[in-house]
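The next block is protein.txt, given as compact mmCIF, C-alpha atoms and all ligand atoms.
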```txt
# COMPACT_ATOMS: atom_id res chain seq x y z
CA MET A 1 -210.67 257.54 60.68
CA THR A 2 -210.75 260.99 62.28
CA GLU A 3 -208.72 263.72 60.62
CA LEU A 4 -206.16 263.67 63.40
CA ALA A 5 -205.85 259.89 63.17
CA ALA A 6 -205.20 260.25 59.43
CA VAL A 7 -202.49 262.83 60.09
CA LYS A 8 -200.87 260.53 62.64
CA ALA A 9 -201.07 257.56 60.28
CA ALA A 10 -199.41 259.61 57.54
CA LEU A 11 -196.65 260.74 59.92
CA ARG A 12 -195.96 257.14 60.88
CA THR A 13 -195.17 256.35 57.24
CA GLN A 14 -192.60 259.13 56.92
CA ALA A 15 -189.10 258.04 55.92
CA VAL A 16 -186.11 260.37 55.67
CA GLU A 17 -182.93 258.94 54.15
CA THR A 18 -179.74 260.03 55.84
CA PRO A 19 -176.46 260.49 53.95
CA SER A 20 -173.43 258.41 54.90
CA TRP A 21 -171.17 261.44 54.47
CA ALA A 22 -172.99 263.47 57.10
CA TYR A 23 -171.59 261.10 59.74
CA GLY A 24 -167.99 261.81 58.69
CA ASN A 25 -165.87 264.88 59.18
CA SER A 26 -166.55 267.90 57.02
CA GLY A 27 -165.73 271.56 56.86
CA THR A 28 -165.18 274.42 54.53
CA ARG A 29 -162.23 275.05 52.23
CA PHE A 30 -160.67 276.83 55.20
CA LYS A 31 -160.70 274.03 57.75
CA VAL A 32 -162.09 270.60 58.48
CA PHE A 33 -162.50 270.18 62.23
CA ALA A 34 -162.01 266.56 63.23
CA GLN A 35 -164.44 265.27 65.85
CA GLN A 36 -163.84 262.38 68.22
CA GLY A 37 -165.74 259.16 67.57
CA VAL A 38 -166.31 259.83 63.89
CA PRO A 39 -166.71 256.66 61.73
CA ARG A 40 -163.71 255.28 59.93
CA THR A 41 -165.49 252.87 57.64
CA PRO A 42 -168.79 252.58 55.77
CA ARG A 43 -169.88 250.05 58.40
CA GLU A 44 -169.28 252.52 61.23
CA LYS A 45 -171.27 255.14 59.31
CA LEU A 46 -174.13 252.65 59.04
CA ALA A 47 -173.93 251.90 62.75
CA ASP A 48 -174.38 255.64 63.46
CA ALA A 49 -177.20 255.91 60.96
CA ALA A 50 -178.88 252.97 62.68
CA LYS A 51 -178.92 255.02 65.90
CA VAL A 52 -180.72 257.87 64.12
CA HIS A 53 -183.36 255.38 62.97
CA GLU A 54 -183.54 253.69 66.37
CA PHE A 55 -184.46 256.97 68.09
CA THR A 56 -186.58 258.63 65.40
CA GLY A 57 -188.17 255.59 63.76
CA ALA A 58 -188.10 257.68 60.59
CA ALA A 59 -184.68 257.18 59.00
CA PRO A 60 -184.73 253.59 57.71
CA THR A 61 -182.33 254.01 54.77
CA VAL A 62 -178.83 255.37 54.25
CA ALA A 63 -177.49 256.94 51.06
CA LEU A 64 -174.01 255.93 49.91
CA HIS A 65 -171.52 258.04 47.96
CA ILE A 66 -169.14 256.22 45.64
CA PRO A 67 -166.13 256.11 45.96
CA TRP A 68 -166.34 257.42 49.54
CA ASP A 69 -168.22 254.26 50.57
CA ARG A 70 -166.49 251.83 48.24
CA VAL A 71 -166.25 248.28 49.66
CA ASP A 72 -165.32 244.91 48.19
CA ASP A 73 -168.64 243.28 48.95
CA TYR A 74 -171.77 245.42 48.66
CA ALA A 75 -174.13 242.56 49.37
CA ALA A 76 -172.29 242.03 52.66
CA LEU A 77 -172.58 245.75 53.42
CA ALA A 78 -176.31 245.56 52.75
CA GLY A 79 -176.49 242.58 55.11
CA TYR A 80 -174.61 244.51 57.79
CA ALA A 81 -177.06 247.40 57.41
CA GLU A 82 -180.02 245.07 57.76
CA ASP A 83 -178.53 243.45 60.85
CA HIS A 84 -178.49 246.96 62.34
CA GLY A 85 -182.09 247.72 61.39
CA VAL A 86 -181.47 249.95 58.35
CA ARG A 87 -181.19 249.47 54.58
CA LEU A 88 -178.90 250.88 51.92
CA GLY A 89 -180.58 253.59 49.90
CA THR A 90 -179.64 255.88 47.06
CA ILE A 91 -176.28 255.49 45.36
CA ASN A 92 -174.64 258.88 44.76
CA SER A 93 -172.08 259.11 41.98
CA ASN A 94 -168.94 261.20 42.20
CA THR A 95 -167.37 262.63 39.06
CA PHE A 96 -165.90 265.68 40.73
CA GLN A 97 -162.81 264.62 42.64
CA ASP A 98 -160.35 263.41 40.07
CA ASP A 99 -157.71 265.50 38.31
CA ASP A 100 -159.11 264.29 34.98
CA TYR A 101 -162.27 266.24 35.72
CA ARG A 102 -160.69 269.72 35.73
CA LEU A 103 -162.72 270.68 32.65
CA GLY A 104 -165.72 268.56 33.52
CA SER A 105 -166.75 264.91 33.51
CA VAL A 106 -169.59 263.83 31.22
CA CYS A 107 -169.40 267.24 29.49
CA HIS A 108 -165.61 267.28 29.18
CA PRO A 109 -164.28 268.20 25.72
CA GLU A 110 -162.24 264.96 25.52
CA ALA A 111 -164.04 261.72 24.76
CA ALA A 112 -161.69 259.67 26.96
CA VAL A 113 -162.62 261.64 30.06
CA ARG A 114 -166.30 261.40 29.22
CA ARG A 115 -165.89 257.65 28.85
CA LYS A 116 -164.23 257.40 32.25
CA ALA A 117 -167.08 259.37 33.85
CA VAL A 118 -169.76 257.25 32.17
CA ASP A 119 -167.94 254.08 33.25
CA HIS A 120 -168.12 255.32 36.84
CA LEU A 121 -171.86 255.95 36.51
CA LEU A 122 -172.34 252.47 35.08
CA GLU A 123 -170.33 251.06 37.99
CA CYS A 124 -172.78 252.83 40.30
CA VAL A 125 -175.66 250.95 38.64
CA ASP A 126 -173.75 247.68 39.20
CA ILE A 127 -173.51 248.66 42.86
CA MET A 128 -177.26 249.35 42.94
CA ASP A 129 -177.85 245.82 41.66
CA ALA A 130 -175.77 244.44 44.53
CA THR A 131 -177.24 246.66 47.25
CA GLY A 132 -180.82 246.48 46.02
CA SER A 133 -180.94 250.28 45.76
CA ARG A 134 -183.67 251.84 43.68
CA ASP A 135 -182.13 255.23 42.94
CA LEU A 136 -178.98 256.54 41.29
CA LYS A 137 -178.41 260.19 42.13
CA LEU A 138 -176.37 262.18 39.66
CA TRP A 139 -174.89 265.54 40.41
CA PHE A 140 -172.35 266.99 38.02
CA ALA A 141 -169.84 269.65 38.98
CA ASP A 142 -169.42 270.26 35.24
CA GLY A 143 -169.36 273.79 33.93
CA THR A 144 -167.03 276.57 32.89
CA ASN A 145 -165.39 279.48 34.65
CA TYR A 146 -164.93 281.90 31.77
CA PRO A 147 -167.00 283.06 28.82
CA GLY A 148 -165.75 281.31 25.71
CA GLN A 149 -164.03 278.53 27.65
CA ASP A 150 -166.16 275.85 26.00
CA ASP A 151 -169.20 275.54 23.81
CA ILE A 152 -172.30 275.71 26.03
CA ARG A 153 -174.51 273.87 23.57
CA ALA A 154 -172.00 271.14 22.74
CA ARG A 155 -171.68 270.44 26.43
CA GLN A 156 -175.45 269.87 26.60
CA ASP A 157 -175.14 267.38 23.73
CA ARG A 158 -172.37 265.51 25.56
CA LEU A 159 -174.44 265.47 28.74
CA ALA A 160 -177.47 264.08 26.88
CA GLN A 161 -175.34 261.32 25.33
CA ALA A 162 -173.88 260.28 28.68
CA LEU A 163 -177.24 260.30 30.42
CA ALA A 164 -178.76 258.18 27.65
CA GLN A 165 -176.05 255.54 28.07
CA VAL A 166 -176.65 255.31 31.79
CA TYR A 167 -180.42 255.39 31.43
CA ALA A 168 -180.24 252.44 29.05
CA ARG A 169 -178.39 250.44 31.72
CA LEU A 170 -181.08 250.92 34.42
CA GLY A 171 -182.99 247.84 35.44
CA ASP A 172 -186.75 247.71 35.87
CA GLY A 173 -187.71 249.60 38.97
CA GLN A 174 -184.42 251.53 39.07
CA ARG A 175 -184.44 255.28 38.66
CA MET A 176 -182.01 258.00 37.67
CA LEU A 177 -182.30 261.14 39.77
CA LEU A 178 -180.77 264.24 38.19
CA GLU A 179 -179.75 267.00 40.57
CA TYR A 180 -179.23 270.63 39.57
CA LYS A 181 -177.23 273.41 41.21
CA LEU A 182 -176.80 276.94 39.96
CA PHE A 183 -173.09 277.37 40.62
CA GLU A 184 -170.09 275.96 42.46
CA PRO A 185 -167.57 274.69 41.67
CA ALA A 186 -168.09 276.25 38.23
CA PHE A 187 -168.58 280.00 38.40
CA TYR A 188 -169.65 281.05 34.91
CA THR A 189 -171.81 278.28 33.45
CA THR A 190 -172.98 275.11 35.11
CA ASP A 191 -174.16 272.33 32.82
CA VAL A 192 -177.18 271.39 34.97
CA PRO A 193 -177.86 274.72 36.68
CA ASP A 194 -181.60 274.63 37.23
CA TRP A 195 -184.72 272.50 37.39
CA GLY A 196 -185.66 273.38 33.81
CA THR A 197 -182.45 271.92 32.39
CA ALA A 198 -182.75 268.82 34.58
CA TYR A 199 -186.39 268.43 33.60
CA ALA A 200 -185.66 268.79 29.88
CA HIS A 201 -183.06 266.02 30.04
CA CYS A 202 -185.32 263.78 32.13
CA LEU A 203 -188.19 264.28 29.72
CA LYS A 204 -186.06 263.10 26.78
CA LEU A 205 -184.75 260.11 28.73
CA GLY A 206 -188.02 258.63 29.91
CA PRO A 207 -190.13 258.07 33.03
CA GLN A 208 -187.32 256.49 35.08
CA ALA A 209 -185.47 259.82 34.99
CA GLN A 210 -186.59 262.21 37.69
CA VAL A 211 -185.45 265.57 39.05
CA VAL A 212 -183.87 266.05 42.49
CA VAL A 213 -184.49 269.29 44.33
CA ASP A 214 -181.59 270.07 46.66
CA THR A 215 -182.99 272.89 48.75
CA GLY A 216 -179.57 274.57 48.96
CA HIS A 217 -179.07 274.81 45.21
CA HIS A 218 -180.98 277.93 44.26
CA ALA A 219 -180.35 281.63 43.97
CA PRO A 220 -181.46 283.63 47.01
CA GLY A 221 -185.15 284.40 46.88
CA THR A 222 -186.05 281.49 44.58
CA ASN A 223 -189.54 280.19 45.25
CA ILE A 224 -188.66 276.51 45.76
CA GLU A 225 -192.21 275.44 46.54
CA PHE A 226 -193.27 276.62 43.09
CA ILE A 227 -190.64 274.34 41.55
CA VAL A 228 -191.88 271.49 43.73
CA ALA A 229 -195.50 272.08 42.69
CA THR A 230 -194.53 272.20 39.02
CA LEU A 231 -192.38 269.06 39.07
CA LEU A 232 -195.05 267.12 40.93
CA ARG A 233 -197.66 268.27 38.44
CA GLU A 234 -195.42 266.96 35.65
CA GLY A 235 -194.75 263.69 37.48
CA ARG A 236 -191.01 264.38 37.59
CA LEU A 237 -190.17 265.09 41.21
CA GLY A 238 -188.02 262.14 42.20
CA ALA A 239 -186.37 263.29 45.38
CA PHE A 240 -185.25 265.98 47.74
CA ASP A 241 -181.81 266.66 49.10
CA PHE A 242 -182.81 268.56 52.22
CA ASN A 243 -180.54 271.06 53.95
CA SER A 244 -180.74 274.74 54.72
CA ARG A 245 -178.81 277.78 53.73
CA PHE A 246 -178.30 281.39 54.62
CA TYR A 247 -175.97 282.33 51.76
CA ALA A 248 -174.93 279.69 49.21
CA ASP A 249 -174.90 275.88 49.40
CA ASP A 250 -174.38 275.98 53.17
CA ASP A 251 -175.55 272.38 53.83
CA LEU A 252 -176.83 273.32 57.30
CA MET A 253 -179.49 271.35 59.16
CA VAL A 254 -182.76 271.37 57.23
CA GLY A 255 -185.32 273.69 58.76
CA ALA A 256 -182.68 275.59 60.70
CA ALA A 257 -182.39 278.65 58.47
CA ASP A 258 -185.98 278.90 57.27
CA PRO A 259 -188.54 276.58 58.85
CA PHE A 260 -191.34 278.48 57.11
CA GLN A 261 -189.86 277.67 53.70
CA LEU A 262 -189.63 274.00 54.66
CA PHE A 263 -193.30 274.06 55.66
CA ARG A 264 -194.26 275.70 52.35
CA ILE A 265 -192.34 273.03 50.46
CA MET A 266 -193.94 270.22 52.45
CA TYR A 267 -197.36 271.74 51.93
CA GLU A 268 -196.86 271.58 48.14
CA VAL A 269 -195.66 267.99 48.51
CA VAL A 270 -198.81 267.04 50.39
CA ARG A 271 -201.04 269.11 48.10
CA GLY A 272 -199.45 267.61 44.99
CA GLY A 273 -199.73 263.98 46.11
CA GLY A 274 -195.98 263.70 46.60
CA PHE A 275 -196.05 262.32 50.12
CA THR A 276 -195.48 258.80 48.79
CA ALA A 277 -192.55 256.45 48.27
CA ASP A 278 -192.19 257.85 44.74
CA VAL A 279 -190.53 260.93 46.19
CA ALA A 280 -187.37 260.17 48.17
CA PHE A 281 -186.85 262.50 51.10
CA MET A 282 -183.13 262.64 51.74
CA LEU A 283 -180.84 264.80 53.77
CA ASP A 284 -177.68 266.19 52.16
CA GLN A 285 -175.95 268.01 54.95
CA CYS A 286 -172.58 268.53 56.57
CA HIS A 287 -172.15 269.05 60.28
CA ASN A 288 -168.94 271.00 60.46
CA ILE A 289 -169.04 272.33 64.01
CA GLU A 290 -171.90 270.52 65.73
CA ALA A 291 -172.09 266.90 66.89
CA LYS A 292 -173.15 264.86 63.91
CA ILE A 293 -175.60 262.21 65.11
CA PRO A 294 -177.76 264.57 67.21
CA ALA A 295 -177.68 267.10 64.35
CA ILE A 296 -179.05 264.44 62.02
CA ILE A 297 -181.70 263.45 64.57
CA ARG A 298 -182.65 267.12 64.85
CA SER A 299 -182.88 267.37 61.06
CA VAL A 300 -185.18 264.35 60.81
CA MET A 301 -187.36 265.92 63.53
CA ASN A 302 -187.42 269.23 61.64
CA VAL A 303 -188.70 267.46 58.53
CA GLN A 304 -191.32 265.67 60.65
CA GLU A 305 -192.48 268.96 62.18
CA ALA A 306 -192.81 270.68 58.81
CA THR A 307 -194.68 267.65 57.46
CA ALA A 308 -197.04 267.53 60.42
CA LYS A 309 -197.90 271.20 59.92
CA ALA A 310 -198.42 270.65 56.20
CA LEU A 311 -200.73 267.72 56.92
CA LEU A 312 -202.70 269.86 59.37
CA VAL A 313 -203.62 272.50 56.79
CA ASP A 314 -207.42 272.58 56.59
CA ARG A 315 -207.58 271.93 52.86
CA GLY A 316 -211.36 272.33 52.70
CA ALA A 317 -211.27 275.73 54.39
CA LEU A 318 -208.34 276.76 52.23
CA ALA A 319 -210.08 275.76 49.01
CA ALA A 320 -213.23 277.61 50.07
CA ALA A 321 -211.30 280.79 50.89
CA GLN A 322 -209.37 280.55 47.62
CA ALA A 323 -212.54 280.02 45.59
CA ALA A 324 -214.15 283.01 47.31
CA GLY A 325 -211.10 285.14 46.56
CA ASP A 326 -210.70 285.72 50.28
CA VAL A 327 -207.01 286.51 50.33
CA LEU A 328 -206.70 287.13 54.05
CA GLU A 329 -208.67 284.06 55.08
CA ALA A 330 -206.72 281.80 52.72
CA ASN A 331 -203.47 283.08 54.11
CA ALA A 332 -204.80 282.72 57.67
CA VAL A 333 -205.74 279.06 57.10
CA LEU A 334 -202.22 278.28 55.95
CA MET A 335 -200.62 280.27 58.78
CA ASP A 336 -202.84 278.57 61.38
CA ALA A 337 -201.32 275.25 60.42
CA TYR A 338 -197.81 276.67 60.35
CA ASN A 339 -198.24 278.25 63.77
CA THR A 340 -199.49 275.04 65.39
CA ASP A 341 -197.07 273.56 67.88
CA VAL A 342 -196.89 270.02 66.52
CA ARG A 343 -194.29 268.79 68.97
CA PRO A 344 -196.85 267.22 71.34
CA LEU A 345 -198.52 265.49 68.37
CA LEU A 346 -195.21 264.04 67.20
CA ALA A 347 -194.34 262.96 70.73
CA GLU A 348 -197.65 261.09 70.82
CA VAL A 349 -196.99 259.46 67.45
CA ARG A 350 -193.60 258.28 68.71
CA GLU A 351 -195.02 256.91 71.94
CA GLU A 352 -197.74 255.08 70.04
CA SER A 353 -194.97 253.49 67.94
CA GLY A 354 -193.07 252.38 71.02
CA LEU A 355 -190.42 255.09 70.72
CA ASP A 356 -189.17 257.55 73.27
CA PRO A 357 -191.14 260.80 72.75
CA ASP A 358 -187.85 262.74 72.95
CA PRO A 359 -185.40 261.30 70.37
CA LEU A 360 -182.57 263.67 71.26
CA GLY A 361 -182.85 262.98 74.97
CA ALA A 362 -183.05 259.25 74.33
CA TYR A 363 -179.92 259.41 72.18
CA ARG A 364 -178.05 261.38 74.84
CA ARG A 365 -179.05 258.89 77.52
CA SER A 366 -178.10 255.90 75.35
CA GLY A 367 -174.37 256.44 75.89
CA TRP A 368 -173.66 255.89 72.17
CA ALA A 369 -171.76 259.19 71.88
CA GLU A 370 -169.39 258.18 74.67
CA LYS A 371 -169.08 254.63 73.34
CA ILE A 372 -167.92 255.67 69.87
CA VAL A 373 -165.41 258.14 71.32
CA ALA A 374 -163.95 255.31 73.43
CA ASP A 375 -164.09 252.65 70.71
CA ARG A 376 -163.06 254.50 67.58
CA VAL A 377 -159.48 255.25 68.37
CA GLY A 378 -156.85 255.14 65.65
CA GLY A 379 -157.44 254.62 61.96
CA LEU A 380 -158.43 257.19 59.43
CA GLN A 381 -161.64 259.08 60.06
CA ALA A 382 -164.09 259.30 57.19
CA GLY A 383 -164.82 262.68 55.75
CA TRP A 384 -166.58 264.48 52.93
CA GLY A 385 -164.24 264.07 50.02
CA ALA A 386 -162.16 261.29 51.55
C1 LIG A 401 -173.45 268.94 45.48
O1 LIG A 401 -173.30 270.16 46.12
C2 LIG A 401 -174.26 267.97 46.32
O2 LIG A 401 -175.46 268.57 46.71
C3 LIG A 401 -174.51 266.67 45.61
O3 LIG A 401 -175.70 266.07 46.05
C4 LIG A 401 -173.34 265.88 46.03
O4 LIG A 401 -173.37 264.52 45.75
C5 LIG A 401 -173.36 266.21 47.51
O5 LIG A 401 -173.59 267.61 47.50
C6 LIG A 401 -172.18 265.85 48.31
O6 LIG A 401 -172.24 266.45 49.58
MN MN A 402 -177.25 267.45 47.03
```
Show this structure as structure tokens.
Amino acid sequence: MTELAAVKAALRTQAVETPSWAYGNSGTRFKVFAQQGVPRTPREKLADAAKVHEFTGAAPTVALHIPWDRVDDYAALAGYAEDHGVRLGTINSNTFQDDDYRLGSVCHPEAAVRRKAVDHLLECVDIMDATGSRDLKLWFADGTNYPGQDDIRARQDRLAQALAQVYARLGDGQRMLLEYKLFEPAFYTTDVPDWGTAYAHCLKLGPQAQVVVDTGHHAPGTNIEFIVATLLREGRLGAFDFNSRFYADDDLMVGAADPFQLFRIMYEVVRGGGFTADVAFMLDQCHNIEAKIPAIIRSVMNVQEATAKALLVDRGALAAAQAAGDVLEANAVLMDAYNTDVRPLLAEVREESGLDPDPLGAYRRSGWAEKIVADRVGGLQAGWGA
């Protein structure tokens, strides 16, 4: 196989999981702008997600958030997804939207609240059994707002206990993905604030516990690709939550704020052997002011472009320049790949797979946007947090 053929073959295997909540309404704490045609049910979210996959060929699975996507029959929901050409993916837990969780969930000082949170996480594993999902994604809003509010170390002990109970419930082939975030909603301490804390817990739990890197969850200036390289080296990078940010956890389209950072991350993924099914590539975004489905298509394309550039890095030339200590040449090799316009290559890959080379144009021409505005009248629109 020529080098270019190998790059194309790799691109054809790329799968980006889209989040059910990105199809619903979202906003900031100031305002949620309702959009016409937004899904009202988990099934309608899946129907929209199926369109993203239909036009990109690269978004075969959809992440669910419980309880936002709670249904009576998960096997039936999985069947509905399959009928539409997609599958149910990661199950995201939610222990941050109940009054009981004011002081935390699994780290709460009261045992009864911790029990309730753990029961929810166990319910999520039951749902995974019914949907056939491999991954349980845990993000905890737990933390404190004021120095002295609670015992930092005791909270870590409570977290470890809760995680161990859930880990013990995992079936063979199921994984626990632990996500970190430096702040928000807690403003003083967060109980899983960084990759080191997540990694330490995962290490104690066992190999089915893996770290999730949400690209929006770091302090400004953090070198995320270094974290990616380190976690891959340790065999503990389980997944990405992709999005982009200018300021805090902005949840904007991945690759919109800093396409160069996305390329650097994808390069470390490729370099570290992480471009496999063992690393789940998910979006975790909110489309507050832009149309949702085309924004998600754009995001999938942005990930594909960064990946194509990463795959195009001349690794032999880079290694030679690095070994020779040729700083400028090594940097030039990397930048050559980054500066390549990979859009024609991706258009070719799509055409060779029987897809329209222009996913956004194909979506626009499909009439789906008009159809859902006409069809989805009445009822309660789905939204982040609802
Ligand atoms: C928290 O900010 C987070 O990144 C977690 O992944 C949540 O489950 C998700 O956002 C909800 O949008
Ligand atoms: Mn996330």
Residues within 10 Å of ligand MN 402 (chain A) (all atoms listed in the file), as a PDB file with C-alpha atoms, in the frame of the given file?
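Printed below is part-v7.pdb as written:
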```pdb
ATOM      1  CA  PRO A  19    -176.460 260.490  53.950  1.00  0.00           C
ATOM      2  CA  ASN A  92    -174.640 258.880  44.760  1.00  0.00           C
ATOM      3  CA  LYS A 137    -178.410 260.190  42.130  1.00  0.00           C
ATOM      4  CA  LEU A 138    -176.370 262.180  39.660  1.00  0.00           C
ATOM      5  CA  TRP A 139    -174.890 265.540  40.410  1.00  0.00           C
ATOM      6  CA  GLU A 179    -179.750 267.000  40.570  1.00  0.00           C
ATOM      7  CA  TYR A 180    -179.230 270.630  39.570  1.00  0.00           C
ATOM      8  CA  LYS A 181    -177.230 273.410  41.210  1.00  0.00           C
ATOM      9  CA  VAL A 212    -183.870 266.050  42.490  1.00  0.00           C
ATOM     10  CA  VAL A 213    -184.490 269.290  44.330  1.00  0.00           C
ATOM     11  CA  ASP A 214    -181.590 270.070  46.660  1.00  0.00           C
ATOM     12  CA  THR A 215    -182.990 272.890  48.750  1.00  0.00           C
ATOM     13  CA  GLY A 216    -179.570 274.570  48.960  1.00  0.00           C
ATOM     14  CA  HIS A 217    -179.070 274.810  45.210  1.00  0.00           C
ATOM     15  CA  PHE A 240    -185.250 265.980  47.740  1.00  0.00           C
ATOM     16  CA  ASP A 241    -181.810 266.660  49.100  1.00  0.00           C
ATOM     17  CA  PHE A 242    -182.810 268.560  52.220  1.00  0.00           C
ATOM     18  CA  ASN A 243    -180.540 271.060  53.950  1.00  0.00           C
ATOM     19  CA  ASP A 249    -174.900 275.880  49.400  1.00  0.00           C
ATOM     20  CA  ASP A 251    -175.550 272.380  53.830  1.00  0.00           C
ATOM     21  CA  MET A 282    -183.130 262.640  51.740  1.00  0.00           C
ATOM     22  CA  LEU A 283    -180.840 264.800  53.770  1.00  0.00           C
ATOM     23  CA  ASP A 284    -177.680 266.190  52.160  1.00  0.00           C
ATOM     24  CA  GLN A 285    -175.950 268.010  54.950  1.00  0.00           C
TER      25      GLN A 285
END
```
For the point (-199.0, 273.0, 54.0) in the file's frame, write as number ranges by chain all residues with an atom no more than 8 Å away, counting only C-alpha atoms.
A: 263-268, 270-271, 307, 309-313, 334, 337-338
Counting only C-alpha atoms, figure out which residue out of A:Asn145, A:Thr340, A:Ser20, A:Gln210 gets nearest to Asp191 in chain A.
A:Asn145
Point-to-point distance from CA of Phe281 in chain A to CA of Asn94 in chain A, Å rounded to tenths:
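We find that CA of Phe281 in chain A and CA of Asn94 in chain A lie 20.0 Å from each other.
If you look at CA of Cys107 in chain A and CA of Gly171 in chain A, they are 24.4 Å away from each other.
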Quick one: everything within 8 Å of range 374-379 of chain A, counting only C-alpha atoms, minus sequence neighbours fewer than 3 positions away in the same chain. Send it as a PDB file with C-alpha atoms, keeping the file's coordinate frame.
```pdb
ATOM      1  CA  GLN A  36    -163.840 262.380  68.220  1.00  0.00           C
ATOM      2  CA  GLY A  37    -165.740 259.160  67.570  1.00  0.00           C
ATOM      3  CA  VAL A  38    -166.310 259.830  63.890  1.00  0.00           C
ATOM      4  CA  PRO A  39    -166.710 256.660  61.730  1.00  0.00           C
ATOM      5  CA  ARG A  40    -163.710 255.280  59.930  1.00  0.00           C
ATOM      6  CA  GLU A 370    -169.390 258.180  74.670  1.00  0.00           C
ATOM      7  CA  LYS A 371    -169.080 254.630  73.340  1.00  0.00           C
TER       8      LYS A 371
END
```
In Å and to one decimal, CA of Ile91 in chain A is distant from CA of Thr144 in chain A by 26.2 Å
Shortest interatomic distance to ligand LIG 401 (chain A) - which of A:Gly143, A:Gly104, A:Gly385, A:Pro294, counting all atoms listed in the file:
A:Gly385
With distances taken over all atoms listed in the file, which of A:Leu328, A:Ala76, A:Ala47, A:Leu136 is nearest to ligand LIG 401 (chain A)?
A:Leu136
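Using all atoms listed in the file, the smallest distance between any of A:Ala154, A:Phe55, A:Leu46, A:Gln149 and Arg365 in chain A comes from A:Phe55.
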Which centre and which edge lengths, in Å to one decimal, describe the axis-aligned box that holds all listed atoms of ligand LIG 401 (chain A) after 3 Å is added on each side, as JSON?
```
{"center_x": -173.9, "center_y": 267.3, "center_z": 47.5, "size_x": 9.5, "size_y": 11.6, "size_z": 10.1}
```
Nearest residue to Gln261 in chain A out of A:Leu77, A:Ala330, A:Ala291, A:Val228, using all atoms listed in the file?
A:Val228
Please output range 282-293 of chain A, rebuilt to include N, CA, C and O atoms, as a PDB file, in the coordinates of the input.
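Ended up saving to selection_3.pdb:
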```
ATOM      1  N   MET A 282    -184.480 262.902  51.237  1.00  0.00           N
ATOM      2  CA  MET A 282    -183.130 262.640  51.740  1.00  0.00           C
ATOM      3  C   MET A 282    -182.550 263.898  52.364  1.00  0.00           C
ATOM      4  O   MET A 282    -182.917 265.017  51.997  1.00  0.00           O
ATOM      5  N   LEU A 283    -181.628 263.678  53.267  1.00  0.00           N
ATOM      6  CA  LEU A 283    -180.840 264.800  53.770  1.00  0.00           C
ATOM      7  C   LEU A 283    -179.548 264.842  52.965  1.00  0.00           C
ATOM      8  O   LEU A 283    -179.022 263.796  52.586  1.00  0.00           O
ATOM      9  N   ASP A 284    -179.038 266.038  52.720  1.00  0.00           N
ATOM     10  CA  ASP A 284    -177.680 266.190  52.160  1.00  0.00           C
ATOM     11  C   ASP A 284    -177.049 267.339  52.931  1.00  0.00           C
ATOM     12  O   ASP A 284    -177.190 268.499  52.553  1.00  0.00           O
ATOM     13  N   GLN A 285    -176.429 266.986  54.018  1.00  0.00           N
ATOM     14  CA  GLN A 285    -175.950 268.010  54.950  1.00  0.00           C
ATOM     15  C   GLN A 285    -174.532 267.695  55.400  1.00  0.00           C
ATOM     16  O   GLN A 285    -174.062 266.572  55.281  1.00  0.00           O
ATOM     17  N   CYS A 286    -173.895 268.711  55.956  1.00  0.00           N
ATOM     18  CA  CYS A 286    -172.580 268.530  56.570  1.00  0.00           C
ATOM     19  C   CYS A 286    -172.637 269.189  57.943  1.00  0.00           C
ATOM     20  O   CYS A 286    -173.172 270.297  58.075  1.00  0.00           O
ATOM     21  N   HIS A 287    -172.116 268.505  58.921  1.00  0.00           N
ATOM     22  CA  HIS A 287    -172.150 269.050  60.280  1.00  0.00           C
ATOM     23  C   HIS A 287    -170.726 269.388  60.685  1.00  0.00           C
ATOM     24  O   HIS A 287    -170.002 268.571  61.239  1.00  0.00           O
ATOM     25  N   ASN A 288    -170.347 270.603  60.340  1.00  0.00           N
ATOM     26  CA  ASN A 288    -168.940 271.000  60.460  1.00  0.00           C
ATOM     27  C   ASN A 288    -168.534 271.297  61.896  1.00  0.00           C
ATOM     28  O   ASN A 288    -167.401 271.027  62.281  1.00  0.00           O
ATOM     29  N   ILE A 289    -169.430 271.903  62.660  1.00  0.00           N
ATOM     30  CA  ILE A 289    -169.040 272.330  64.010  1.00  0.00           C
ATOM     31  C   ILE A 289    -169.891 271.702  65.104  1.00  0.00           C
ATOM     32  O   ILE A 289    -169.524 271.723  66.266  1.00  0.00           O
ATOM     33  N   GLU A 290    -171.014 271.129  64.741  1.00  0.00           N
ATOM     34  CA  GLU A 290    -171.900 270.520  65.730  1.00  0.00           C
ATOM     35  C   GLU A 290    -171.720 269.003  65.730  1.00  0.00           C
ATOM     36  O   GLU A 290    -171.239 268.434  64.757  1.00  0.00           O
ATOM     37  N   ALA A 291    -172.158 268.370  66.814  1.00  0.00           N
ATOM     38  CA  ALA A 291    -172.090 266.900  66.890  1.00  0.00           C
ATOM     39  C   ALA A 291    -172.997 266.312  65.808  1.00  0.00           C
ATOM     40  O   ALA A 291    -174.118 266.786  65.604  1.00  0.00           O
ATOM     41  N   LYS A 292    -172.489 265.298  65.144  1.00  0.00           N
ATOM     42  CA  LYS A 292    -173.150 264.860  63.910  1.00  0.00           C
ATOM     43  C   LYS A 292    -174.456 264.085  64.143  1.00  0.00           C
ATOM     44  O   LYS A 292    -175.489 264.420  63.556  1.00  0.00           O
ATOM     45  N   ILE A 293    -174.408 263.062  64.968  1.00  0.00           N
ATOM     46  CA  ILE A 293    -175.600 262.210  65.110  1.00  0.00           C
ATOM     47  C   ILE A 293    -176.790 263.013  65.671  1.00  0.00           C
ATOM     48  O   ILE A 293    -177.886 262.970  65.092  1.00  0.00           O
TER      49      ILE A 293
END
```
